[in-house]
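A.B. asks: Structure supplied as work_33.txt; contents: compact mmCIF, C-alpha atoms and all ligand atoms.
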```
# COMPACT_ATOMS: atom_id res chain seq x y z
CA MET A 1 106.59 92.18 122.39
CA SER A 2 110.08 90.69 122.71
CA ASP A 3 113.15 92.95 122.49
CA LYS A 4 114.11 91.26 119.22
CA ILE A 5 110.73 91.95 117.59
CA ALA A 6 110.70 95.52 118.94
CA PHE A 7 114.20 96.23 117.59
CA TYR A 8 113.62 94.95 114.05
CA THR A 9 110.09 96.24 113.61
CA LYS A 10 111.08 99.75 114.75
CA LYS A 11 113.92 99.80 112.21
CA ASN A 12 111.61 98.58 109.46
CA ILE A 13 108.81 101.01 110.25
CA ASP A 14 111.27 103.93 110.41
CA SER A 15 112.53 102.90 106.99
CA TRP A 16 108.96 102.80 105.59
CA ASN A 17 108.21 106.24 107.03
CA GLU A 18 111.33 107.54 105.33
CA ALA A 19 110.20 106.02 102.01
CA ALA A 20 106.65 107.40 102.21
CA PRO A 21 107.26 110.82 100.58
CA ARG A 22 109.08 109.13 97.67
CA HIS A 23 106.19 106.72 97.13
CA ALA A 24 103.74 109.63 97.39
CA SER A 25 105.44 111.44 94.51
CA ILE A 26 105.37 108.30 92.37
CA ASN A 27 101.72 107.80 93.31
CA SER A 28 100.50 111.35 92.67
CA SER A 29 98.58 110.21 89.60
CA LEU A 30 96.55 107.94 91.88
CA ILE A 31 94.17 110.65 93.03
CA SER A 32 92.37 110.75 89.68
CA THR A 33 92.48 106.94 89.40
CA VAL A 34 90.81 106.22 92.74
CA LEU A 35 87.92 108.52 91.83
CA ASN A 36 86.58 105.66 89.70
CA PRO A 37 84.10 103.79 91.96
CA ALA A 38 85.17 100.54 90.25
CA PHE A 39 88.86 101.16 91.06
CA ASN A 40 90.50 97.77 91.66
CA ASN A 41 94.21 97.37 92.39
CA LEU A 42 94.19 93.60 92.99
CA ASN A 43 96.16 91.14 90.85
CA PRO A 44 93.88 88.77 88.88
CA ASP A 45 94.26 85.62 91.00
CA PHE A 46 93.97 87.45 94.30
CA ASP A 47 90.99 89.35 92.92
CA ALA A 48 89.29 86.02 92.12
CA LEU A 49 90.16 84.70 95.59
CA VAL A 50 88.55 87.74 97.23
CA ASP A 51 85.47 87.36 95.00
CA SER A 52 85.16 83.69 95.99
CA CYS A 53 84.49 84.82 99.60
CA ASN A 54 81.23 86.64 98.77
CA ILE A 55 82.52 89.72 100.50
CA LYS A 56 79.41 91.87 100.22
CA ASN A 57 78.58 93.07 103.73
CA LYS A 58 81.55 91.31 105.29
CA SER A 59 84.02 93.03 107.61
CA VAL A 60 87.57 93.08 106.28
CA VAL A 61 90.92 94.14 107.73
CA GLN A 62 94.12 94.50 105.74
CA VAL A 63 97.27 93.94 107.74
CA CYS A 64 100.15 96.18 106.57
CA CYS A 65 97.96 98.14 104.18
CA ASN A 66 100.55 100.72 103.08
CA ASN A 67 98.66 103.49 101.22
CA GLY A 68 95.41 101.53 101.40
CA LEU A 69 94.80 100.85 97.70
CA ASP A 70 94.11 97.15 98.17
CA ILE A 71 91.65 97.55 101.04
CA LEU A 72 90.02 100.37 99.02
CA SER A 73 89.62 97.88 96.16
CA VAL A 74 87.87 95.47 98.54
CA LYS A 75 85.62 98.27 99.84
CA ASN A 76 84.68 99.12 96.24
CA LYS A 77 83.51 95.51 95.82
CA GLY A 78 80.86 96.07 98.51
CA ALA A 79 82.52 94.97 101.74
CA ALA A 80 81.04 96.46 104.93
CA ARG A 81 83.50 97.54 107.62
CA CYS A 82 86.99 97.97 106.14
CA LEU A 83 90.03 98.65 108.29
CA GLY A 84 93.62 99.10 107.13
CA ILE A 85 96.44 98.72 109.64
CA ASP A 86 100.01 99.82 109.05
CA GLY A 87 102.97 100.66 111.27
CA SER A 88 103.91 103.67 109.16
CA LYS A 89 102.17 106.86 110.26
CA GLU A 90 103.10 108.45 106.93
CA PHE A 91 101.47 105.72 104.85
CA ILE A 92 98.38 105.71 107.07
CA SER A 93 97.92 109.41 106.38
CA GLN A 94 98.27 108.76 102.61
CA ALA A 95 95.70 105.95 102.90
CA LYS A 96 93.24 108.24 104.72
CA GLU A 97 93.61 110.92 102.04
CA LEU A 98 93.19 108.46 99.17
CA SER A 99 90.07 106.88 100.72
CA GLU A 100 88.55 110.35 101.08
CA ASP A 101 89.48 111.18 97.47
CA ALA A 102 87.76 107.91 96.54
CA ASN A 103 84.57 108.95 98.35
CA GLN A 104 84.88 106.11 100.85
CA PRO A 105 84.93 108.17 104.08
CA ASP A 106 83.71 105.22 106.18
CA MET A 107 86.96 103.35 105.76
CA GLU A 108 89.03 103.11 108.93
CA PHE A 109 92.81 103.24 109.20
CA LEU A 110 94.92 102.43 112.23
CA HIS A 111 98.55 103.31 112.80
CA SER A 112 100.02 100.43 114.83
CA ASN A 113 102.88 98.00 114.91
CA ILE A 114 101.14 94.72 114.04
CA TYR A 115 102.80 92.97 117.00
CA ASP A 116 101.28 95.53 119.35
CA LEU A 117 97.63 95.71 118.32
CA PRO A 118 95.02 96.91 120.81
CA ASP A 119 92.75 94.07 122.04
CA GLU A 120 89.59 95.81 120.82
CA PHE A 121 90.17 94.50 117.27
CA LYS A 122 90.30 90.84 118.28
CA SER A 123 87.64 88.46 116.88
CA SER A 124 86.13 91.32 114.85
CA PHE A 125 86.62 90.47 111.17
CA ASP A 126 85.21 88.00 108.64
CA LEU A 127 88.30 88.41 106.48
CA VAL A 128 91.92 89.33 107.02
CA ILE A 129 93.82 90.14 103.84
CA ILE A 130 97.55 90.47 103.26
CA THR A 131 98.98 91.49 99.91
CA VAL A 132 102.45 91.22 98.55
CA GLY A 133 105.51 92.27 100.54
CA VAL A 134 104.54 91.70 104.17
CA PHE A 135 105.81 88.35 105.56
CA GLY A 136 109.44 89.33 104.96
CA TRP A 137 109.21 92.35 107.29
CA MET A 138 108.18 90.10 110.16
CA PRO A 139 110.96 88.89 112.47
CA ASP A 140 108.64 86.24 113.96
CA ILE A 141 106.22 84.59 111.52
CA TYR A 142 104.55 82.47 114.24
CA LYS A 143 103.61 85.49 116.36
CA PHE A 144 102.56 87.33 113.20
CA MET A 145 100.14 84.52 112.27
CA GLU A 146 98.88 84.54 115.84
CA VAL A 147 97.93 88.22 115.44
CA CYS A 148 96.25 87.58 112.05
CA SER A 149 94.29 84.66 113.48
CA SER A 150 93.25 86.70 116.55
CA LEU A 151 91.61 89.31 114.32
CA LEU A 152 89.23 86.73 112.81
CA VAL A 153 85.82 85.61 113.98
CA ALA A 154 85.32 81.83 114.11
CA ASP A 155 85.04 80.53 110.54
CA GLY A 156 86.61 83.74 109.21
CA GLN A 157 89.19 83.59 106.43
CA LEU A 158 92.78 84.78 106.01
CA LEU A 159 93.64 85.55 102.37
CA VAL A 160 97.26 86.05 101.36
CA GLU A 161 99.07 87.07 98.19
CA GLU A 162 102.82 87.00 98.68
CA ILE A 163 106.17 86.83 96.97
CA HIS A 164 106.93 83.11 96.62
CA PRO A 165 109.35 81.95 99.36
CA ILE A 166 111.66 80.48 96.71
CA LEU A 167 112.59 84.03 95.70
CA GLY A 168 114.42 84.25 99.04
CA MET A 169 117.21 82.38 97.22
CA TYR A 170 117.55 85.00 94.48
CA GLU A 171 119.36 88.28 93.99
CA GLU A 172 118.31 90.86 91.43
CA GLY A 173 120.49 91.12 88.33
CA LYS A 174 120.39 90.90 84.58
CA PRO A 175 119.34 88.16 84.75
CA SER A 176 118.46 87.62 88.42
CA TYR A 177 120.41 84.73 89.94
CA ILE A 178 120.49 82.28 92.85
CA ASP A 179 122.63 83.67 95.67
CA SER A 180 121.39 82.23 99.00
CA SER A 181 120.34 79.07 100.72
CA TYR A 182 116.58 78.49 100.83
CA PHE A 183 117.10 77.82 104.53
CA ASN A 184 118.91 81.07 105.34
CA LYS A 185 117.81 82.30 108.77
CA GLU A 186 119.95 85.45 109.03
CA PRO A 187 118.10 88.80 108.76
CA ILE A 188 119.01 90.54 105.51
CA LYS A 189 120.12 94.10 106.25
CA ASP A 190 119.66 96.74 103.57
CA SER A 191 120.17 100.48 103.43
CA ASN A 192 119.56 101.14 99.74
CA GLY A 193 116.00 102.27 100.29
CA LEU A 194 112.53 101.04 99.42
CA ASP A 195 111.87 102.39 95.95
CA TYR A 196 110.29 99.30 94.37
CA PHE A 197 108.85 101.31 91.50
CA ASN A 198 111.85 103.06 89.91
CA LYS A 199 114.47 100.90 91.66
CA GLU A 200 116.28 104.11 92.58
CA LYS A 201 118.80 103.53 95.36
CA TYR A 202 119.19 106.15 98.08
CA ASP A 203 121.16 106.41 101.30
CA ALA A 204 118.40 105.05 103.51
CA LYS A 205 117.77 104.03 107.09
CA GLU A 206 118.62 100.37 107.50
CA ASN A 207 115.87 97.80 107.30
CA TYR A 208 115.78 94.05 107.84
CA TRP A 209 114.14 91.36 105.71
CA PHE A 210 113.44 87.86 107.01
CA HIS A 211 113.21 84.77 104.85
CA HIS A 212 110.39 82.43 105.86
CA SER A 213 110.22 79.07 104.12
CA LEU A 214 106.93 77.61 102.92
CA THR A 215 107.09 75.09 105.78
CA GLU A 216 107.42 77.88 108.35
CA ILE A 217 104.52 79.82 106.86
CA LEU A 218 102.25 76.78 106.75
CA MET A 219 103.24 75.56 110.23
CA ALA A 220 102.77 79.06 111.70
CA ALA A 221 99.23 79.02 110.34
CA ILE A 222 98.49 75.47 111.57
CA SER A 223 99.75 76.40 115.04
CA ASN A 224 97.28 79.27 115.15
CA ASN A 225 94.07 77.38 114.30
CA LEU A 226 94.11 78.19 110.61
CA ARG A 227 93.08 75.44 108.16
CA LEU A 228 94.48 75.73 104.65
CA GLU A 229 91.76 75.84 102.01
CA HIS A 230 93.52 77.13 98.90
CA ILE A 231 97.05 77.42 97.55
CA LYS A 232 98.21 78.55 94.12
CA GLU A 233 101.74 79.31 92.92
CA LEU A 234 101.94 82.13 90.39
CA SER A 235 104.24 82.35 87.38
CA TYR A 236 103.85 86.11 87.00
CA ASN A 237 105.47 89.04 88.77
CA VAL A 238 103.57 90.19 91.86
CA GLY A 239 106.19 92.05 93.86
CA ASN A 240 108.59 93.67 91.41
CA PHE A 241 111.40 91.59 92.91
CA CYS A 242 113.35 89.62 90.28
CA ALA A 243 110.51 90.38 87.88
CA ASP A 244 112.67 89.36 84.91
CA LEU A 245 112.35 85.72 86.01
CA GLU A 246 108.80 85.69 84.67
CA PHE A 247 110.28 85.53 81.18
CA VAL A 248 113.20 83.10 81.58
CA LYS A 249 112.96 79.56 80.25
CA HIS A 250 113.49 77.80 83.60
CA ASN A 251 111.24 80.07 85.61
CA PRO A 252 110.59 79.69 89.35
CA PRO A 253 107.21 80.63 90.81
CA LEU A 254 107.17 84.37 91.58
CA GLY A 255 104.04 84.62 93.70
CA ILE A 256 101.78 82.56 95.88
CA ASN A 257 98.15 82.84 96.96
CA LEU A 258 96.88 81.11 100.07
CA SER A 259 93.65 81.08 102.02
CA TRP A 260 92.96 79.68 105.45
CA ARG A 261 89.84 79.34 107.61
CA LYS A 262 89.83 79.96 111.36
CA ILE A 263 88.79 76.89 113.30
CA GLU A 264 87.96 76.99 117.01
C1 LIG B 301 105.37 96.34 100.77
S1 LIG B 301 104.26 97.17 101.84
C2 LIG B 301 102.81 96.20 101.63
C3 LIG B 301 102.06 96.75 100.54
C4 LIG B 301 100.74 96.10 100.31
N1 LIG B 301 100.88 95.05 99.36
C5 LIG B 301 99.77 97.13 99.80
O1 LIG B 301 100.17 98.03 99.10
O2 LIG B 301 98.62 97.06 100.14
C6 LIG B 301 104.75 96.67 103.47
C7 LIG B 301 104.05 97.49 104.53
O3 LIG B 301 104.26 96.83 105.78
C8 LIG B 301 104.33 97.81 106.79
N2 LIG B 301 104.97 97.21 107.95
C9 LIG B 301 106.21 96.67 108.04
N3 LIG B 301 106.43 96.19 109.28
C10 LIG B 301 105.30 96.43 110.00
C11 LIG B 301 104.90 96.16 111.34
N4 LIG B 301 105.71 95.55 112.20
N5 LIG B 301 103.66 96.53 111.73
C12 LIG B 301 102.82 97.15 110.88
N6 LIG B 301 103.14 97.45 109.58
C13 LIG B 301 104.38 97.09 109.16
C14 LIG B 301 105.11 98.93 106.14
O4 LIG B 301 104.91 100.17 106.78
C15 LIG B 301 104.59 98.90 104.69
O5 LIG B 301 103.57 99.83 104.48
```
As a first step, turn the structure in this file into structure tokens.
C.D. replies:
Amino acid sequence: MSDKIAFYTKKNIDSWNEAAPRHASINSSLISTVLNPAFNNLNPDFDALVDSCNIKNKSVVQVCCNNGLDILSVKNKGAARCLGIDGSKEFISQAKELSEDANQPDMEFLHSNIYDLPDEFKSSFDLVIITVGVFGWMPDIYKFMEVCSSLLVADGQLLVEEIHPILGMYEEGKPSYIDSSYFNKEPIKDSNGLDYFNKEKYDAKENYWFHHSLTEILMAAISNNLRLEHIKELSYNVGNFCADLEFVKHNPPLGINLSWRKIE
């Protein structure tokens, strides 16, 4: 891992560890919710994308799984091996607890910086999934796609639900407004914390967000033997960032779903 990647990812993971107890208190109602064997946390379009892959008996890994609710949702649909990977030790321990509460003790969780994955996981999964709020934590989107691609077997699929790259231009407000160039390449430093639910600001460890344009995302995938099979821009809020824009007259896309297939 380069010094640059190591520096930014350590800062970001420290910041997520710091946020974990706050998220846990917000999420305490989850324990009763995940008891439902049909528990499904996926947004409608991503849910349909997952279903289109006939996931019964397939092996699935979620990269940056946070507290594991999305990979648990996939497991509940009948997937076979399910692994969640996250750099935050705190969130991995929440994910383990929630999967046990959900009576899915076979689920696996790994605490690892995604840029530093052990080789044993390479070429092991039919599906890699990524759900909202991941690309922006990655200082190097090309190397990140390389890791995602390396996890897949030949013909495996990478499924992504993300905040639409156009939102990189916006700042939250009432209403949210355009504040940056779409082509901004400077890391965005923040120390107001990671409370996406209540939007409460706290004096937090600094973290860094990286804007990746649609071109960069698509080219990173192409460079890593991933063939685009599906793309859909979403008009509804998927990431709680600038969510008010869903209801303005001249609304930008707020989310995006993509799927790629690994070619050898
Ligand atoms: C917004 S959350 C993603 C949530 C996801 N949509 C979910 O709930 O399933 C971003 C996650 O990325 C993780 N993360 C950030 N940088 C990482 C890195 N370099 N390696 C592994 N995980 C990382 C954080 O710990 C955090 O849990």
A.B. asks: Which residues form the shell of 6 Å around ligand LIG 301 (chain B) when you count only C-alpha atoms and all ligand atoms, given as a PyMOL selection string?
C.D. replies: chain A and resi 9+12-13+16+64-66+68-70+86-88+112-114+131-134+137
A.B. asks: Taking only C-alpha atoms into account, name the residue in A:Ser93, A:Ser124, A:Ser259, A:Ser29 that is nearest to Ala221 in chain A.
C.D. replies: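 The answer is A:Ser259, which sits nearest to Ala221 in chain A.
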A.B. asks: For the point (108.8, 98.9, 98.6) in the file's frame, write as an MDAnalysis selection string all residues with an atom no more than 12 Å away, counting only C-alpha atoms.
C.D. replies: chainID A and resid 12:13 15:20 22:24 26 66:67 91 132:134 136:137 192:201 207 209 239:241
A.B. asks: Set the distance at 12 Å and use only C-alpha atoms: which residues neighbour Tyr177 in chain A once local chain neighbours fewer than 5 positions away are removed? I'd like the list as number ranges by chain.
C.D. replies: A: 166-172, 241-245, 248, 250-252
A.B. asks: Would you list the contacts of range 151-163 of chain A as a PyMOL selection string, taking every protein, DNA or RNA residue within 7 Å and counting all atoms listed in the file, but skipping same-chain residues closer than 2 positions in sequence?
C.D. replies: chain A and resi 46+121-133+147-149+165+238-239+254-264
A.B. asks: For the atom pair CA of Lys249 in chain A and CA of Lys174 in chain A, what is the interatomic distance in Å to one decimal place?
C.D. replies: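 Separating CA of Lys249 in chain A from CA of Lys174 in chain A is a distance of 14.2 Å.
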A.B. asks: Quick check, in Å to one decimal: how far apart do CA of Asp140 in chain A and CA of Glu233 in chain A lie?
C.D. replies: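 For CA of Asp140 in chain A relative to CA of Glu233 in chain A, the distance reads 23.2 Å.
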A.B. asks: Just give me the gap between CA of Phe109 in chain A and CA of Asp203 in chain A in Å, one decimal is fine.
C.D. replies: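 About the pair CA of Phe109 in chain A and CA of Asp203 in chain A: they are 29.6 Å apart.
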A.B. asks: List the neighbours of Ile71 in chain A out to 9 Å using all atoms listed in the file; skip same-chain residues closer than 4 positions along the sequence, and give me the result as a PyMOL selection string.
C.D. replies: chain A and resi 60-62+65+75-76+82-84+107+129
A.B. asks: Counting only C-alpha atoms, which of A:Leu30, A:Tyr202, A:Tyr142, A:Ile188 gets nearest to Leu218 in chain A?
C.D. replies: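 Answer, going by the shortest atom-to-atom distance: A:Tyr142.
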A.B. asks: Determine the nearest neighbour of Leu98 in chain A from the options A:Leu214, A:Ser191, A:Ser32, A:Arg227, counting only C-alpha atoms.
C.D. replies: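 With only C-alpha atoms as the atom set, the closest residue is A:Ser32.
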A.B. asks: Counting only C-alpha atoms, which of A:Glu229, A:Pro175, A:Tyr115, A:Asn184 gets nearest to Met1 in chain A?
C.D. replies: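 Distance minimum relative to Met1 in chain A lands on A:Tyr115.
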A.B. asks: In terms of the shortest atom-to-atom distance over all atoms listed in the file, which of A:His164, A:Ser150, A:Phe183, A:Gly173 is closest to Asn224 in chain A?
C.D. replies: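 Going through A:His164, A:Ser150, A:Phe183, A:Gly173 one by one, the smallest distance to Asn224 in chain A is for A:Ser150.
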A.B. asks: With all atoms listed in the file as the atoms that count, which of A:Ile178, A:Ile31, A:Ala204, A:Met145 lies nearest to Asn225 in chain A?
C.D. replies: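 Closest to Asn225 in chain A, using all atoms listed in the file: A:Met145.
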A.B. asks: Scan for residues within 12 Å of the point (88.5, 102.4, 88.0) in the coordinates of the file, using all atoms listed in the file, and reply as number ranges by chain.
C.D. replies: A: 30-42, 69, 72-73, 76-77, 102
A.B. asks: Generate the output file for the selected residues, C-alpha atoms, as a CSV table (one decimal), keeping the file's coordinate frame.
C.D. replies:
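The resulting file, out22.csv, is shown below:
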```csv
chain,number,residue,atom,x,y,z
A,30,LEU,CA,96.6,107.9,91.9
A,31,ILE,CA,94.2,110.6,93.0
A,32,SER,CA,92.4,110.8,89.7
A,33,THR,CA,92.5,106.9,89.4
A,34,VAL,CA,90.8,106.2,92.7
A,35,LEU,CA,87.9,108.5,91.8
A,36,ASN,CA,86.6,105.7,89.7
A,37,PRO,CA,84.1,103.8,92.0
A,38,ALA,CA,85.2,100.5,90.2
A,39,PHE,CA,88.9,101.2,91.1
A,40,ASN,CA,90.5,97.8,91.7
A,41,ASN,CA,94.2,97.4,92.4
A,42,LEU,CA,94.2,93.6,93.0
A,69,LEU,CA,94.8,100.8,97.7
A,72,LEU,CA,90.0,100.4,99.0
A,73,SER,CA,89.6,97.9,96.2
A,76,ASN,CA,84.7,99.1,96.2
A,77,LYS,CA,83.5,95.5,95.8
A,102,ALA,CA,87.8,107.9,96.5
```
A.B. asks: Could you please fill out range 96-123 of chain A with N, CA and C atoms and send it back as a short mmCIF file (atom, residue, chain, number, x, y, z; two decimals), keeping the file's coordinate frame?
C.D. replies:
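Saved to result-v7.cif:
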```
data_model
loop_
_atom_site.label_atom_id
_atom_site.label_comp_id
_atom_site.auth_asym_id
_atom_site.auth_seq_id
_atom_site.Cartn_x
_atom_site.Cartn_y
_atom_site.Cartn_z
N LYS A 96 94.44 107.47 104.33
CA LYS A 96 93.24 108.24 104.72
C LYS A 96 92.88 109.21 103.61
N GLU A 97 93.88 109.93 103.10
CA GLU A 97 93.61 110.92 102.04
C GLU A 97 93.05 110.26 100.80
N LEU A 98 93.65 109.13 100.40
CA LEU A 98 93.19 108.46 99.17
C LEU A 98 91.77 107.92 99.34
N SER A 99 91.44 107.42 100.53
CA SER A 99 90.07 106.88 100.72
C SER A 99 89.06 108.02 100.70
N GLU A 100 89.46 109.20 101.17
CA GLU A 100 88.55 110.35 101.08
C GLU A 100 88.42 110.80 99.63
N ASP A 101 89.55 110.86 98.90
CA ASP A 101 89.48 111.18 97.47
C ASP A 101 88.55 110.21 96.75
N ALA A 102 88.56 108.95 97.20
CA ALA A 102 87.76 107.91 96.54
C ALA A 102 86.31 107.89 97.02
N ASN A 103 85.94 108.88 97.81
CA ASN A 103 84.57 108.95 98.35
C ASN A 103 84.20 107.71 99.16
N GLN A 104 85.15 107.23 99.94
CA GLN A 104 84.88 106.11 100.85
C GLN A 104 85.24 106.57 102.27
N PRO A 105 84.53 107.58 102.78
CA PRO A 105 84.93 108.17 104.08
C PRO A 105 84.70 107.24 105.26
N ASP A 106 83.95 106.13 105.05
CA ASP A 106 83.71 105.22 106.18
C ASP A 106 84.87 104.28 106.44
N MET A 107 85.83 104.27 105.54
CA MET A 107 86.96 103.35 105.76
C MET A 107 87.75 103.79 106.98
N GLU A 108 88.26 102.80 107.72
CA GLU A 108 89.03 103.11 108.93
C GLU A 108 90.50 102.75 108.70
N PHE A 109 91.38 103.55 109.29
CA PHE A 109 92.81 103.24 109.20
C PHE A 109 93.43 103.39 110.58
N LEU A 110 94.30 102.44 110.91
CA LEU A 110 94.92 102.43 112.23
C LEU A 110 96.43 102.38 112.07
N HIS A 111 97.08 103.30 112.78
CA HIS A 111 98.55 103.31 112.80
C HIS A 111 99.01 102.47 113.99
N SER A 112 99.57 101.28 113.72
CA SER A 112 100.02 100.43 114.83
C SER A 112 101.03 99.40 114.33
N ASN A 113 102.02 99.15 115.15
CA ASN A 113 102.88 98.00 114.91
C ASN A 113 101.98 96.76 115.02
N ILE A 114 102.06 95.85 114.07
CA ILE A 114 101.14 94.72 114.04
C ILE A 114 101.34 93.79 115.25
N TYR A 115 102.53 93.80 115.82
CA TYR A 115 102.80 92.97 117.00
C TYR A 115 102.29 93.61 118.28
N ASP A 116 101.68 94.78 118.16
CA ASP A 116 101.28 95.53 119.35
C ASP A 116 99.85 96.07 119.19
N LEU A 117 98.99 95.24 118.62
CA LEU A 117 97.63 95.71 118.32
C LEU A 117 96.77 95.81 119.58
N PRO A 118 95.95 96.85 119.67
CA PRO A 118 95.02 96.91 120.81
C PRO A 118 94.04 95.73 120.77
N ASP A 119 93.64 95.24 121.95
CA ASP A 119 92.75 94.07 122.04
C ASP A 119 91.39 94.29 121.39
N GLU A 120 90.96 95.55 121.30
CA GLU A 120 89.59 95.81 120.82
C GLU A 120 89.33 95.27 119.40
N PHE A 121 90.37 94.98 118.65
CA PHE A 121 90.17 94.50 117.27
C PHE A 121 90.08 92.97 117.18
N LYS A 122 90.30 92.32 118.30
CA LYS A 122 90.30 90.84 118.28
C LYS A 122 88.92 90.29 117.94
N SER A 123 88.89 89.19 117.23
CA SER A 123 87.64 88.46 116.88
C SER A 123 86.62 89.39 116.24
#
```
